[in-house]
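First comes the structure, then the notes that go with it.
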Amino acid sequence: MTSSAAEGVTRAVGVSEAMLLQKAADLVASKRPERALVLRAKPEWAGGDLKVGNRVVRVVPGVSQLGILDFLTAMGPDEYVIILTDRVRTDLGYAVLSRAYKNDIQMPDEWQSIPRLFGAREVSRELRRLDWAATALLDHRPVGGWPQTAEVAVSDTFAIECLLNATLGLDLSTELDSTVLMSALGRGEVRGRWASLDTSLRRHLIEWAATAVGSSGALALKIAQKTALVAPLAVSLVLDVLWPDDGSIANEEQVAARVRIEQHTGEGPIGVDEAKAAARIAKAIVLRAGAEGSSDVTVALKQAEALLTDIGWEAGAEQSAVLAPGYRARVRALAHALVDGGDVEAALVALHRHRDHGISTAPDMAVRLHRWLSTDEPTSASIADDLDLHTRDGAWVDAALGAIWSGSEDPVVTSAYSALATQVAARRATRDAHAAERLSQVLSNGPASTLGASAIGIERLLSDVVAPWRNNGVLLVVLDGMSSAIATSLAAEVSRIGLVEFVPDTTKRRFSAVAALPSLTSISRASLFCGRITKGTGDDERRGLNAAFPGSQTFHKDGLRAPGGAALPSKVVKAITSDPHSVPVVGVVINAIDDAMHKNDVSEWEWGFDQLAPLRALLETAVNARRTVVITSDHGHVVERSSEALIADGGEARWRPVGAPVAEGEVLVSGPRVIEPNGSAVLLWREDARFGPRRAGYHGGASLAEITVPVLVFQPATALAGVAVGWVQAPPQTPDWWNDPVFVAPATSRPKPKTRKKTTPVDDGEGLFSIEDANQIQTPAGQSDLVATLTASGPYASQRAMAGRRALPDDQVETFVRAIVDRGFRAHRDTVAAAIGTPVNNISQVLAAVKRLLNIDGYDVLSLDHDGVTYKIDEALLRDQFGLRGR
């Protein structure tokens with residue numbers, strides 16, 4: 001046996017600069033007297049001296065004992081040196097070893113340095129098995145050092161995660177997973193750092209990531225090393241359409257594209273599961289980024305579209321749930337369904353599955369209008385019926401129509417929306433014609449009416465609406481020109497700042513008044529504030545309100561101008577916060593809507609607090625003062641939508657003096673509610689016509705949109721004790737078709753109310769918007785009977801007995817369940833709340849009470865869907881639990 005074998009000598013190898021730096025640091029930091037460290041290594045070094053702090057450590061070869069001794073003898077007292085030698089101990093002898101660090105030759109085991117780098121005592125067996133890791137950890141040690149572990153042994157997960165973070169330029173403490181890696185590699189500088197790494201180290205890190213992070217993370221690293229230009233997120237979005245989750249059979253172009261994408265994913269074919277996993281993560285990243293998205297996500301989306309073109313399957317982008325062509329394709333599919341009588345609801349569901357579905361409300365509004373056209377048209381016998389129908393139904397139609405009017409630049413979609421708008425206008429015109437002929441039925445004088453039972457004029461709002469709330473103090477806000485459509489969206493915004501809406505208890509619906517005629521500001525607003533039909537100015541309005549409620553104050557445009565830094569003038573704040581007995585009503589006029597109609601195209605405007613300053617500040621002040629808030633208007637308006645210009649002597653926008661014969665689309669009005677000229681006028685009820693020059697909007701005519709004066713009443717949530725007699729908290733006011741598909745009950749189902757008749761919309765084309773369209777879901781025969789059978793069953797009686805006093809009345813349970821069953825066993829929360837006439841903030845309590853009756857033994861017969869707003873009933877479970885007969 002040779003001496004070298006007996007000493008267990010390892011073969012001399014080359015050493016890395018990182019390891020030498022670590023050895024140099026140990027030498028400098030040591031309190032031992034030796035200044036020379038002898039290291040087993042090839043006696044070769046061309047890297048120059050090392051620097052540890054302010055100390056220089058020389059690196060020299062040691063080829064023989066004499067050479068080393070000569071160097072040691074020549075060393076200065078403050079010099080440090082590392083001697084690289086391939087000699088064994090016996091060759092060096094005592095003369096060298098006695099002056100060497102630790103009196104021995106140090107072995108080049110890089111693992112010896114690793115524990116101290118992480119504040120540990122040792123390395124784990126799993127980490128040591130990675131024979132490449134020690135060198136990499138030494139070579140890539142960051143300036144501030146590696147993070148310190150709390151464990152005794154540094155683990156492979158901790159160390160290599162730190163290493164990968166360092167090589168990518170991420171925070172060293174980042175917890176890596178596939179999502180983090182794919183997101184980080186979306187940044188060009190991160191991909192550049194990754195591509196600059198040694199090829200073998202990248203291969204080792206990819207292999208580690210496949211096990212420790214996941215296949216998708218490893219794939220992202222593979223993609224990033226192919227090119228620094230294309231983001232792994234983009235490639236993964238392409239994989240999403242190449243291997244979709246729906247299991248559809250690939251066509252020839254798609255199969256060919258799967259092969260071509262391999263040039264971006266690494267060596268060899270990509271596994272199907274690997275592709276799908278990466279695709280799911282990519283979609284999650286994009287969806288989490290939101291509609292706006294970051295610049296990295298935006299670039300990746302564009303790159304994905306370009307990649308699909310490059311690999312020969314440009315049409316694949318239309319299959320994507322996140323790429324822009326996918327959204328456009330879904331909107332087109334919806335348009336085709338609207339025109340061809342296809343499954344509109346299914347097309348809308350598909351559209352909602354796309355990331356961009358929220359960028360426009362037009363598709364949703366188009367479907368809502370399609371549903372509305374599929375409903376029966378109620379009969380109307382009076383102007384009160386007309387007003388009620390417009391407030392609870394027509395206002396929402398007008399809001400939806402505004403959204404689709406300029407809803408798309410795609411000619412296919414534009415054509416569908418245009419045809420839909422034509423159908424809507426035809427049905428709305430019939431309502432306008434009926435209402436115009438009944439304007440003489442409006443109550444002006446006499447005792448207070450039951451709100452909603454009779455149509456009241458605007459001149460009665462102070463006595464019939466404001467007066468019952470005067471003990472609380474009232475903030476009366478008149479939004480000049482506010483239509484019922486604007487009121488529907490504004491009510492939802494107002495409810496979010498601590499105000500609770502109230503409605504008459506007789507109808508549990510909002511109601512509206514009728515403008516003075518012609519429906520002009522100088523007439524209707526003065527009539528509102530003065531309590532009688534009149535014409536006047538702002539001074540007349542102030543005097544009128546003060547006469548009705550002594551001590552009241554009224555503020556117009558100039559009176560609302562606040563000094564710099566204030567939301568409201570101090571005198572306005574003082575009036576609102578005053579004692580209601582001294583200032584019972586504070587009247588405020590905001591002209592934003594009426595002003596805009598003379599200057600801007602308002603057809604697509606969404607009116608809210610930002611457009612109606614200082615409304616928010618006024619309402620918040622009223623909330624703090626616990627004043628009742630009444631928001632109303634003086635008249636509505638119609639929006640300019642390619643109207644026909646008519647010629648008439650003395651005509652103004654939407655009305656003209658009596659003279660020429662009354663033409664189609666006009667109505668002659670006269671009597672005490674017509675202020676000028678001479679108590680008679682001819683008004684246009686056609687919305688598509690005007691007198692005079694084109695403007696953004698008009699008023700003065702007799703259409704429901706102009707004459708209807710919406711009335712919104714709110715109480716602060718902190719002052720619900722002071723409710724006026726005859727008023728209750730409002731249930732949801734949205735019509736059924738707004739949130740739920742329209743279901744047509746067959747002849748065997750519960751009969752429709754006798755007050756309703758079926759009216760088929762005008763059909764401009766083959767099957768266009770016919771109420772027999774496939775999307776109009778049929779309620780299965782006997783489902784209404786199912787509800788009655790349920791409440792008469794033995795298990796239901798047992799559940800009622802167990803519920804005791806907490807059980808709801810049977811009629812309320814039946815109404816609740818029927819609202820869901822009649823809509824295909826799924827219904828929106830607001831639809832159910834409206835059906836039982838309860839405020840939406842109380843509906844969860846009712847849901848819990850009905851659950852106690854239906855969910856036997858904890859089975860979810862009735863449940864809340866994952867969207868948080870849809871109630872659903874499991875039909876099969878309902879029949880099984882309550883012993884009901886099958887279909």
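In the structure tokens, each chain is lettered A, B, ... as it comes, each chain's residues begin at 1, and ligands are numbered from 1 in order of appearance.
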Residues within 10 Å of Arg392 of chain A, please, as a ChimeraX atom specification. Count only C-alpha atoms; anything in the same chain fewer than 2 positions from it doesn't count. /A:387-390,394-397,484,488,509-512,733-735
How about saving the chosen residues, all heavy atoms kept, as a CSV table (one decimal), in the first residue's frame?
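File written: part-v6.csv
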chain,number,residue,atom,x,y,z
A,387,LEU,N,-97.6,54.9,-16.2
A,387,LEU,CA,-96.5,55.4,-15.4
A,387,LEU,C,-95.9,54.3,-14.6
A,387,LEU,O,-94.6,54.2,-14.6
A,387,LEU,CB,-97.0,56.5,-14.4
A,387,LEU,CG,-97.2,57.9,-14.9
A,387,LEU,CD1,-97.5,58.8,-13.7
A,387,LEU,CD2,-95.9,58.4,-15.6
A,388,ASP,N,-96.7,53.4,-14.0
A,388,ASP,CA,-96.2,52.3,-13.3
A,388,ASP,C,-95.4,51.4,-14.1
A,388,ASP,O,-94.3,50.9,-13.8
A,388,ASP,CB,-97.4,51.6,-12.6
A,388,ASP,CG,-96.9,50.3,-11.8
A,388,ASP,OD1,-96.1,50.5,-10.9
A,388,ASP,OD2,-97.3,49.2,-12.2
A,389,LEU,N,-95.9,51.1,-15.3
A,389,LEU,CA,-95.2,50.2,-16.2
A,389,LEU,C,-93.9,50.8,-16.7
A,389,LEU,O,-92.9,50.1,-16.8
A,389,LEU,CB,-96.1,49.9,-17.5
A,389,LEU,CG,-95.6,48.9,-18.5
A,389,LEU,CD1,-95.3,47.5,-17.8
A,389,LEU,CD2,-96.6,48.7,-19.6
A,390,HIS,N,-93.9,52.1,-16.9
A,390,HIS,CA,-92.6,52.7,-17.3
A,390,HIS,C,-91.6,52.7,-16.2
A,390,HIS,O,-90.4,52.5,-16.4
A,390,HIS,CB,-92.9,54.2,-17.8
A,390,HIS,CG,-91.6,54.9,-18.3
A,390,HIS,ND1,-91.0,54.5,-19.5
A,390,HIS,CD2,-90.9,55.8,-17.7
A,390,HIS,CE1,-89.9,55.3,-19.7
A,390,HIS,NE2,-89.8,56.1,-18.6
A,394,GLY,N,-90.2,50.0,-18.2
A,394,GLY,CA,-89.7,50.8,-19.3
A,394,GLY,C,-88.4,51.5,-19.0
A,394,GLY,O,-87.6,51.7,-19.9
A,395,ALA,N,-88.2,52.0,-17.8
A,395,ALA,CA,-87.0,52.7,-17.4
A,395,ALA,C,-85.8,51.8,-17.6
A,395,ALA,O,-84.7,52.2,-18.1
A,395,ALA,CB,-87.1,53.2,-16.0
A,396,TRP,N,-85.9,50.5,-17.2
A,396,TRP,CA,-84.8,49.6,-17.4
A,396,TRP,C,-84.6,49.3,-18.9
A,396,TRP,O,-83.4,49.1,-19.3
A,396,TRP,CB,-85.2,48.3,-16.6
A,396,TRP,CG,-85.4,48.6,-15.2
A,396,TRP,CD1,-86.6,48.9,-14.6
A,396,TRP,CD2,-84.4,48.5,-14.1
A,396,TRP,NE1,-86.4,49.1,-13.3
A,396,TRP,CE2,-85.1,48.8,-12.9
A,396,TRP,CE3,-83.1,48.2,-14.1
A,396,TRP,CZ2,-84.5,48.9,-11.7
A,396,TRP,CZ3,-82.5,48.3,-12.8
A,396,TRP,CH2,-83.1,48.6,-11.7
A,397,VAL,N,-85.7,49.3,-19.6
A,397,VAL,CA,-85.5,49.1,-21.1
A,397,VAL,C,-84.8,50.2,-21.7
A,397,VAL,O,-83.8,50.0,-22.5
A,397,VAL,CB,-86.9,49.0,-21.7
A,397,VAL,CG1,-86.8,49.0,-23.3
A,397,VAL,CG2,-87.6,47.7,-21.3
A,484,SER,N,-86.2,58.4,-16.0
A,484,SER,CA,-86.4,57.2,-15.1
A,484,SER,C,-85.2,56.2,-15.3
A,484,SER,O,-84.8,55.5,-14.4
A,484,SER,CB,-87.7,56.6,-15.5
A,484,SER,OG,-88.8,57.4,-15.2
A,488,THR,N,-82.8,54.7,-12.3
A,488,THR,CA,-82.6,53.3,-11.9
A,488,THR,C,-81.1,53.0,-11.5
A,488,THR,O,-80.8,52.3,-10.5
A,488,THR,CB,-82.9,52.4,-13.1
A,488,THR,OG1,-82.1,52.7,-14.2
A,488,THR,CG2,-84.4,52.5,-13.4
A,509,ARG,N,-93.3,49.4,-4.7
A,509,ARG,CA,-92.6,49.8,-5.9
A,509,ARG,C,-92.4,51.3,-6.0
A,509,ARG,O,-93.2,52.1,-5.4
A,509,ARG,CB,-93.3,49.4,-7.2
A,509,ARG,CG,-93.4,47.9,-7.5
A,509,ARG,CD,-93.7,47.6,-8.9
A,509,ARG,NE,-95.0,48.1,-9.3
A,509,ARG,CZ,-96.1,47.4,-9.3
A,509,ARG,NH1,-96.1,46.1,-8.9
A,509,ARG,NH2,-97.2,47.9,-9.7
A,510,ARG,N,-91.3,51.7,-6.7
A,510,ARG,CA,-91.1,53.1,-6.9
A,510,ARG,C,-92.3,53.7,-7.7
A,510,ARG,O,-93.0,53.0,-8.4
A,510,ARG,CB,-89.9,53.4,-7.7
A,510,ARG,CG,-88.6,53.0,-6.9
A,510,ARG,CD,-87.4,53.2,-7.9
A,510,ARG,NE,-86.2,52.6,-7.2
A,510,ARG,CZ,-85.2,52.0,-7.8
A,510,ARG,NH1,-85.2,51.9,-9.2
A,510,ARG,NH2,-84.2,51.5,-7.2
A,511,PHE,N,-92.6,54.9,-7.5
A,511,PHE,CA,-93.6,55.5,-8.3
A,511,PHE,C,-93.1,56.8,-8.9
A,511,PHE,O,-92.0,57.3,-8.6
A,511,PHE,CB,-94.9,55.8,-7.4
A,511,PHE,CG,-94.8,57.1,-6.7
A,511,PHE,CD1,-95.5,58.2,-7.1
A,511,PHE,CD2,-94.0,57.2,-5.5
A,511,PHE,CE1,-95.4,59.4,-6.4
A,511,PHE,CE2,-93.9,58.3,-4.8
A,511,PHE,CZ,-94.6,59.5,-5.2
A,512,SER,N,-93.9,57.4,-9.8
A,512,SER,CA,-93.4,58.6,-10.5
A,512,SER,C,-94.6,59.5,-10.7
A,512,SER,O,-95.8,59.1,-10.6
A,512,SER,CB,-92.9,58.2,-12.0
A,512,SER,OG,-91.8,57.3,-11.9
A,733,GLN,N,-86.0,46.4,-7.0
A,733,GLN,CA,-86.9,47.0,-8.0
A,733,GLN,C,-86.6,46.5,-9.4
A,733,GLN,O,-87.3,46.9,-10.4
A,733,GLN,CB,-86.7,48.5,-8.0
A,733,GLN,CG,-87.1,49.1,-6.6
A,733,GLN,CD,-88.6,49.0,-6.3
A,733,GLN,OE1,-89.5,49.5,-7.0
A,733,GLN,NE2,-88.9,48.2,-5.2
A,734,THR,N,-85.6,45.7,-9.6
A,734,THR,CA,-85.2,45.2,-10.9
A,734,THR,C,-86.3,44.3,-11.5
A,734,THR,O,-86.8,43.4,-10.7
A,734,THR,CB,-83.9,44.5,-10.9
A,734,THR,OG1,-83.9,43.5,-9.9
A,734,THR,CG2,-82.8,45.4,-10.7
A,735,PRO,N,-86.7,44.4,-12.7
A,735,PRO,CA,-87.7,43.5,-13.3
A,735,PRO,C,-87.1,42.1,-13.4
A,735,PRO,O,-85.9,41.9,-13.4
A,735,PRO,CB,-88.0,44.1,-14.7
A,735,PRO,CG,-86.8,44.9,-15.0
A,735,PRO,CD,-86.3,45.5,-13.7
Can you tell me which residues surround Ala218 of chain A at a distance of at most 9 Å, considering only C-alpha atoms, apart from same-chain residues fewer than 3 positions away, and format the answer as a ChimeraX atom specification? /A:178,181,205-211,213-215,221-223
Got a sec: who's within 9 Å of Ser183 of chain A, counting only C-alpha atoms, leaving out chain neighbours fewer than 6 positions off, as a VMD selection string? chain A and resid 232 to 233 282 285 296 to 297
File dump, residues just selected, N, CA, C and O atoms, as a PDB file, in the first residue's frame:
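The resulting file, again.pdb, is reproduced below:
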ATOM      1  N   PRO A 232     -43.008  32.841 -21.296  1.00  0.00           N
ATOM      2  CA  PRO A 232     -43.648  31.537 -21.071  1.00  0.00           C
ATOM      3  C   PRO A 232     -45.153  31.651 -20.914  1.00  0.00           C
ATOM      4  O   PRO A 232     -45.891  30.739 -21.284  1.00  0.00           O
ATOM      5  N   LEU A 233     -45.623  32.772 -20.360  1.00  0.00           N
ATOM      6  CA  LEU A 233     -47.066  32.982 -20.216  1.00  0.00           C
ATOM      7  C   LEU A 233     -47.739  32.962 -21.576  1.00  0.00           C
ATOM      8  O   LEU A 233     -48.816  32.371 -21.741  1.00  0.00           O
ATOM      9  N   ALA A 282     -51.580  29.671 -16.553  1.00  0.00           N
ATOM     10  CA  ALA A 282     -51.500  30.884 -17.379  1.00  0.00           C
ATOM     11  C   ALA A 282     -52.816  31.652 -17.352  1.00  0.00           C
ATOM     12  O   ALA A 282     -52.839  32.878 -17.207  1.00  0.00           O
ATOM     13  N   ILE A 285     -53.282  33.426 -14.067  1.00  0.00           N
ATOM     14  CA  ILE A 285     -52.460  34.644 -13.970  1.00  0.00           C
ATOM     15  C   ILE A 285     -53.141  35.801 -14.688  1.00  0.00           C
ATOM     16  O   ILE A 285     -53.229  36.919 -14.171  1.00  0.00           O
ATOM     17  N   ASP A 296     -46.787  43.410 -18.556  1.00  0.00           N
ATOM     18  CA  ASP A 296     -46.255  42.092 -18.897  1.00  0.00           C
ATOM     19  C   ASP A 296     -47.362  41.173 -19.408  1.00  0.00           C
ATOM     20  O   ASP A 296     -47.170  40.432 -20.379  1.00  0.00           O
ATOM     21  N   VAL A 297     -48.519  41.220 -18.743  1.00  0.00           N
ATOM     22  CA  VAL A 297     -49.643  40.386 -19.169  1.00  0.00           C
ATOM     23  C   VAL A 297     -50.148  40.835 -20.536  1.00  0.00           C
ATOM     24  O   VAL A 297     -50.453  40.015 -21.411  1.00  0.00           O
TER      25      VAL A 297
END
How far is it from atom CA of Ala18 of chain A to atom CA of Asp86 of chain A, in Å with one decimal? 19.8 Å
Which residues, written as a compact mmCIF listing (two decimals) with all heavy atoms, in the first residue's frame, have at least one atom at most 10 Å from Asp410 of chain A, with only C-alpha atoms counted and residues fewer than 6 positions away on the same chain left out?
# COMPACT_ATOMS: atom_id res chain seq x y z
N ARG A 328 -64.19 38.63 -29.07
CA ARG A 328 -64.91 39.09 -30.27
C ARG A 328 -65.73 37.96 -30.88
O ARG A 328 -66.86 38.18 -31.34
CB ARG A 328 -63.92 39.65 -31.28
CG ARG A 328 -63.23 40.93 -30.84
CD ARG A 328 -62.50 41.59 -31.99
NE ARG A 328 -61.35 40.83 -32.43
CZ ARG A 328 -60.12 40.99 -31.95
NH1 ARG A 328 -59.89 41.89 -31.02
NH2 ARG A 328 -59.12 40.27 -32.42
N VAL A 331 -68.90 37.47 -28.77
CA VAL A 331 -69.90 38.52 -29.01
C VAL A 331 -70.59 38.29 -30.35
O VAL A 331 -71.80 38.46 -30.48
CB VAL A 331 -69.24 39.91 -28.96
CG1 VAL A 331 -70.27 40.99 -29.31
CG2 VAL A 331 -68.66 40.18 -27.58
N ARG A 332 -69.81 37.87 -31.35
CA ARG A 332 -70.42 37.57 -32.65
C ARG A 332 -71.39 36.39 -32.55
O ARG A 332 -72.46 36.40 -33.16
CB ARG A 332 -69.34 37.25 -33.67
CG ARG A 332 -68.75 38.46 -34.35
CD ARG A 332 -68.05 38.08 -35.64
NE ARG A 332 -67.78 39.25 -36.46
CZ ARG A 332 -67.56 39.21 -37.76
NH1 ARG A 332 -67.59 38.04 -38.39
NH2 ARG A 332 -67.33 40.29 -38.45
Suppose you want the space between atom CA of Pro77 of chain A and atom CA of Asp26 of chain A; what is it in Å?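 These atoms are spaced 18.1 Å apart.
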Which is closer to Gly804 of chain A than all the others in A:Val725, A:Ala849, A:Ser844, A:Gly457, using only C-alpha atoms?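 When distances to Gly804 of chain A are compared using only C-alpha atoms, the smallest one comes from A:Ala849.
Around segment 460-471 of chain A, within 8 Å and counting only C-alpha atoms, the residues found are Ser444, Asn445, Ala448, Ser449, Leu451, Ile456, Leu476, Ala513, Leu528, Phe529, Gly531, Arg532, Ala548, Pro580, His581, Pro584, Val585, Thr628, Val630, Val723, Ala724 and Val725 of chain A, once anything fewer than 4 positions away on its own chain is removed.
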